[in-house]
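S.K.: Encoded as structure tokens, here's the structure I'll be asking about.
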Amino acid sequence: MEWWWQLLLGLWIVTPIWAGDKRLNVCMKTKHHKPEPGPEDQLYDECSPWKGNACCTTNTSWEAHLDEAVLYNFSLIHCGLMIPDCQKHFIQAKCLHQCSPNLGPWIQQVAPCEQEERILDAPLCQEDCVQWWADCRTSYTCKSNWLGGWDWSRGKSRCPARARCRPFPYYFPTPAALCEKIWGNSFKASPERRNSGRCLQKWFEPSQCNPNMAVAQFFASPAPSWELSHTLMAFSLFLLFLS
Amino acid sequence: MGPRFPLLVAALGSCLLPALGCLWCDQRVVEALKSLETDYLPDHLGAEHHKHLMEKLENAVKDFKNLELEDDESFLEVVDDATLEKGTWSFLKELKRITDSDVKGELLVKELFWMLKQQKETFGRHVSLFQKDALCPNKCGMMLQTLTWCDSCEKKLHACRKNMDCGERRVNVHEMEDMILDCELNWHHISEGLTDYTFYRVWKNKSESMVYKGTAPTLTKTRATPSDAGIYRCQLDTVKNSPATIIRYHVRVLPKRVVEETPSTNIIPNPEDVTLDEVTWTPNKSATTIPPPPSSPSSAAQSPQSPTVENMLRSLLVGLLIWGFVVLIASIVILMLCYWSEKNPGYFIDSIKSWVSTAKEAAQSPNVPEKKDKKSRSQ
């Protein structure tokens, strides 16, 4: 009788841990992501930090740097060429989106019956959003949501008819507005700071370990926190020992 | 003049406001307009209109507005140094023309705004040309170009990224000739931030070994051997973390070429050209007049040639000798005949006559027996 009880308890502890792991080290299911994360010989420029374990191929890493890429449904030059300091942030965000194997906890299906996936509300560290916003202040855009709504009639994505090119702060009054609105809420502006382990960095030094791994682990674990799981496991072992 | 004048200024200023914003980034334009205000206007325009005019002018030059470019292109809000220079020079020249002409009052205002309108169009043409031809002229790889952003006047290094692959080249080289792999593209000399060319040999198991690294864009291997055939990769690196150009080469080493008349090694020959029979060969001494490749391959090519050529020469010589003898004998005979004819003048002619008559008789006599036969047959 008792051992049945313990077995059930054990299963109850193990299953959430096991299910939580399924959201670690995974890639989104899209046309341009690899099916499984793995090392790459060469990732270009801003994407190079993910070389050790990436969801993007060498070609994709190059595409992430293009002003007008087929990969993304928008171009960076809809209101003139973008200043390199601002462009850099976009490239980093694209690299994070394409290459990171640590976005599991935020992966959602685009539509209920479709295979394609996207991310939703992935928390970006405060410094990332603030710096992005600051460096893009002198650049121009004509929309606040860049996922869709472009005019493709002339072959390249252009501003829709009545959208005027204005400085970034007009469409994105705050850093939070930039992070959240620009890609239809793929990202969320987290109040946490870098190295807290609770927010994602859209870039890190290639020489250091990927700090987003710990963040994904933190967010992947379900409602019973680690401490509770440990207590329950200890309790069941104790019961086992008693019997 | 009074009430209409400011209106005129306002109307002209507001409706044309050209995107001379880029020109404001050049200090000389700023100074020229300043000197217009301080040195020229006091004597040529009523003081009450100065401030207004200057504001309008400043707005006209500073305002950020889309230039109307050709072919419905949109202005990318950047220019390079050359285009900015052209625009500045043209603007300053026209401004000087106006101030030199000493024009005053309403006419001055009209001239100024007319000039601005013209300059806008001219600058638009320069920018169109720039965007079409000079902005990021690379068709592949990455090029670095310093550009000026017109609205903030910031000068930054822009990375022009196009399709990553710069192509694969097939190179055929004959054995013992030079293998030359050229990695230079036409935009390499205008790009900034380039470092070294590196050539790698790509082995069958995908591993690579470096063959050359330096600032020269070509890899030359003299006297190619069949072991040099394979895949090579050239990479031009930059100060950034991306390469500017990657080109792959598939090298084939063809059999030794026998003819050495032209020294270029990257020609792809027809297989038929390699036959030796109809080829004319220039002897060893004239080979030195042909510019090198080294003489050793040419002499090596020539030595198997020599036996057949010698045979030809020999037969030529023999023919010449025979012909010479014939001529000699004929001339001796003629001389002897002349000598005899001198000695016996009629002898030669008589002898010819008698020869001819005997020939005639001989011809007739077979005819007579034939006639006799025919008669007998018919009977």
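If you're wondering about the labels, chains in the structure tokens are A, B, ... by order shown, residues count from 1 in each chain, ligands from 1 in order shown.
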With only C-alpha atoms counted and 7 Å as the cut-off, give the residues of chain A in contact with chain B, each with its shortest interatomic distance in Å and the pair that gives it, as a Markdown table.
M.R.:
| residue | atom | partner | partner_atom | distance |
| --- | --- | --- | --- | --- |
| A:Tyr44 | CA | B:Ser242 | CA | 5.6 |
| A:Asp45 | CA | B:Asn241 | CA | 4.6 |
| A:Trp62 | CA | B:Met164 | CA | 6.9 |
| A:Leu66 | CA | B:Arg161 | CA | 5.9 |
| A:Gly80 | CA | B:Leu76 | CA | 3.8 |
| A:Leu81 | CA | B:Leu76 | CA | 5.2 |
| A:Pro84 | CA | B:His158 | CA | 6.3 |
S.K.: Please list as number ranges by chain every residue within 12 Å of segment 37-43 of chain B, counting only C-alpha atoms and excluding residues in the same chain fewer than 2 positions away.
M.R.: B: 30-35, 45-55, 57-58, 95-96, 98-106, 108-109, 112
S.K.: Generate the output file for the selected residues, N, CA and C atoms, as a short mmCIF file (atom, residue, chain, number, x, y, z; two decimals), in the first residue's frame.
M.R.:
data_model
loop_
_atom_site.label_atom_id
_atom_site.label_comp_id
_atom_site.auth_asym_id
_atom_site.auth_seq_id
_atom_site.Cartn_x
_atom_site.Cartn_y
_atom_site.Cartn_z
N VAL B 30 27.47 76.64 -44.23
CA VAL B 30 27.03 77.37 -43.03
C VAL B 30 27.69 78.73 -42.96
N GLU B 31 28.99 78.73 -43.21
CA GLU B 31 29.74 80.00 -43.14
C GLU B 31 29.33 80.95 -44.26
N ALA B 32 29.07 80.41 -45.42
CA ALA B 32 28.68 81.28 -46.55
C ALA B 32 27.37 81.98 -46.26
N LEU B 33 26.43 81.23 -45.67
CA LEU B 33 25.14 81.85 -45.34
C LEU B 33 25.29 82.87 -44.22
N LYS B 34 26.17 82.57 -43.30
CA LYS B 34 26.42 83.52 -42.22
C LYS B 34 27.00 84.81 -42.77
N SER B 35 27.94 84.66 -43.66
CA SER B 35 28.56 85.86 -44.24
C SER B 35 27.57 86.61 -45.10
N LEU B 45 19.40 94.90 -48.37
CA LEU B 45 18.02 94.59 -47.99
C LEU B 45 17.68 95.38 -46.74
N GLY B 46 16.43 95.76 -46.66
CA GLY B 46 15.97 96.49 -45.48
C GLY B 46 16.17 95.67 -44.23
N ALA B 47 16.59 96.33 -43.16
CA ALA B 47 16.94 95.63 -41.91
C ALA B 47 15.79 94.82 -41.34
N GLU B 48 14.57 95.29 -41.54
CA GLU B 48 13.42 94.60 -40.94
C GLU B 48 13.19 93.22 -41.55
N HIS B 49 13.73 92.99 -42.72
CA HIS B 49 13.48 91.70 -43.39
C HIS B 49 14.59 90.68 -43.16
N HIS B 50 15.70 91.14 -42.58
CA HIS B 50 16.87 90.28 -42.44
C HIS B 50 16.57 88.98 -41.72
N LYS B 51 16.04 89.17 -40.53
CA LYS B 51 15.89 87.99 -39.65
C LYS B 51 14.96 86.98 -40.30
N HIS B 52 13.89 87.49 -40.85
CA HIS B 52 12.91 86.64 -41.50
C HIS B 52 13.52 85.85 -42.65
N LEU B 53 14.26 86.58 -43.46
CA LEU B 53 14.90 85.94 -44.62
C LEU B 53 15.88 84.87 -44.17
N MET B 54 16.66 85.22 -43.18
CA MET B 54 17.68 84.26 -42.74
C MET B 54 17.04 83.01 -42.16
N GLU B 55 15.96 83.20 -41.44
CA GLU B 55 15.27 82.03 -40.89
C GLU B 55 14.76 81.15 -42.01
N LEU B 57 15.84 81.00 -45.03
CA LEU B 57 16.96 80.37 -45.72
C LEU B 57 17.50 79.19 -44.93
N GLU B 58 17.62 79.40 -43.63
CA GLU B 58 18.14 78.32 -42.80
C GLU B 58 17.23 77.11 -42.85
N LEU B 95 25.83 81.08 -55.12
CA LEU B 95 25.66 82.11 -54.10
C LEU B 95 26.62 83.27 -54.35
N LYS B 96 27.81 82.92 -54.75
CA LYS B 96 28.80 83.95 -55.04
C LYS B 96 28.37 84.79 -56.24
N ILE B 98 25.40 85.51 -57.09
CA ILE B 98 24.37 86.46 -56.67
C ILE B 98 24.98 87.62 -55.91
N THR B 99 25.87 87.31 -54.98
CA THR B 99 26.46 88.41 -54.20
C THR B 99 27.36 89.27 -55.08
N ASP B 100 28.01 88.68 -56.05
CA ASP B 100 28.86 89.48 -56.94
C ASP B 100 28.02 90.40 -57.82
N SER B 101 26.79 90.01 -58.09
CA SER B 101 25.97 90.83 -58.99
C SER B 101 25.37 92.04 -58.29
N ASP B 102 25.55 92.10 -56.98
CA ASP B 102 25.15 93.29 -56.23
C ASP B 102 23.65 93.56 -56.28
N VAL B 103 22.87 92.55 -56.41
CA VAL B 103 21.42 92.75 -56.53
C VAL B 103 20.81 93.08 -55.17
N LYS B 104 19.71 93.85 -55.17
CA LYS B 104 19.13 94.28 -53.90
C LYS B 104 17.65 93.97 -53.80
N GLY B 105 17.16 94.10 -52.58
CA GLY B 105 15.73 94.14 -52.29
C GLY B 105 14.96 92.91 -52.72
N GLU B 106 13.80 93.16 -53.30
CA GLU B 106 12.90 92.09 -53.70
C GLU B 106 13.56 91.17 -54.70
N LEU B 108 16.63 90.48 -54.96
CA LEU B 108 17.59 89.63 -54.25
C LEU B 108 16.89 88.40 -53.68
N VAL B 109 15.76 88.65 -53.04
CA VAL B 109 15.02 87.53 -52.44
C VAL B 109 14.61 86.53 -53.51
N LEU B 112 17.55 84.58 -54.74
CA LEU B 112 18.02 83.59 -53.77
C LEU B 112 17.16 82.33 -53.81
#
S.K.: Running DSSP on the backbone, which parts of segment 105-231 of chain A land in strand (DSSP E or B), as a ChimeraX atom specification?
M.R.: /A:107-109,117-119,122-124,140-141,151,158,166-167,187-189,200
S.K.: Nearest residue to Gln201 of chain A out of A:His97, A:Lys34, A:Lys22, A:Arg118, using only C-alpha atoms?
M.R.: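 Using only C-alpha atoms, Gln201 of chain A sits closest to A:His97.
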S.K.: Counting only C-alpha atoms, what is within 7 Å of Ala163 of chain A, bar same-chain residues fewer than 4 positions away, as a PyMOL selection string?
M.R.: chain A and resi 142-143+159
S.K.: One decimal, in Å: what's the spacing between atom CA of Ser209 of chain B and atom CA of Leu254 of chain B?
M.R.: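 The value is 23.5 Å.
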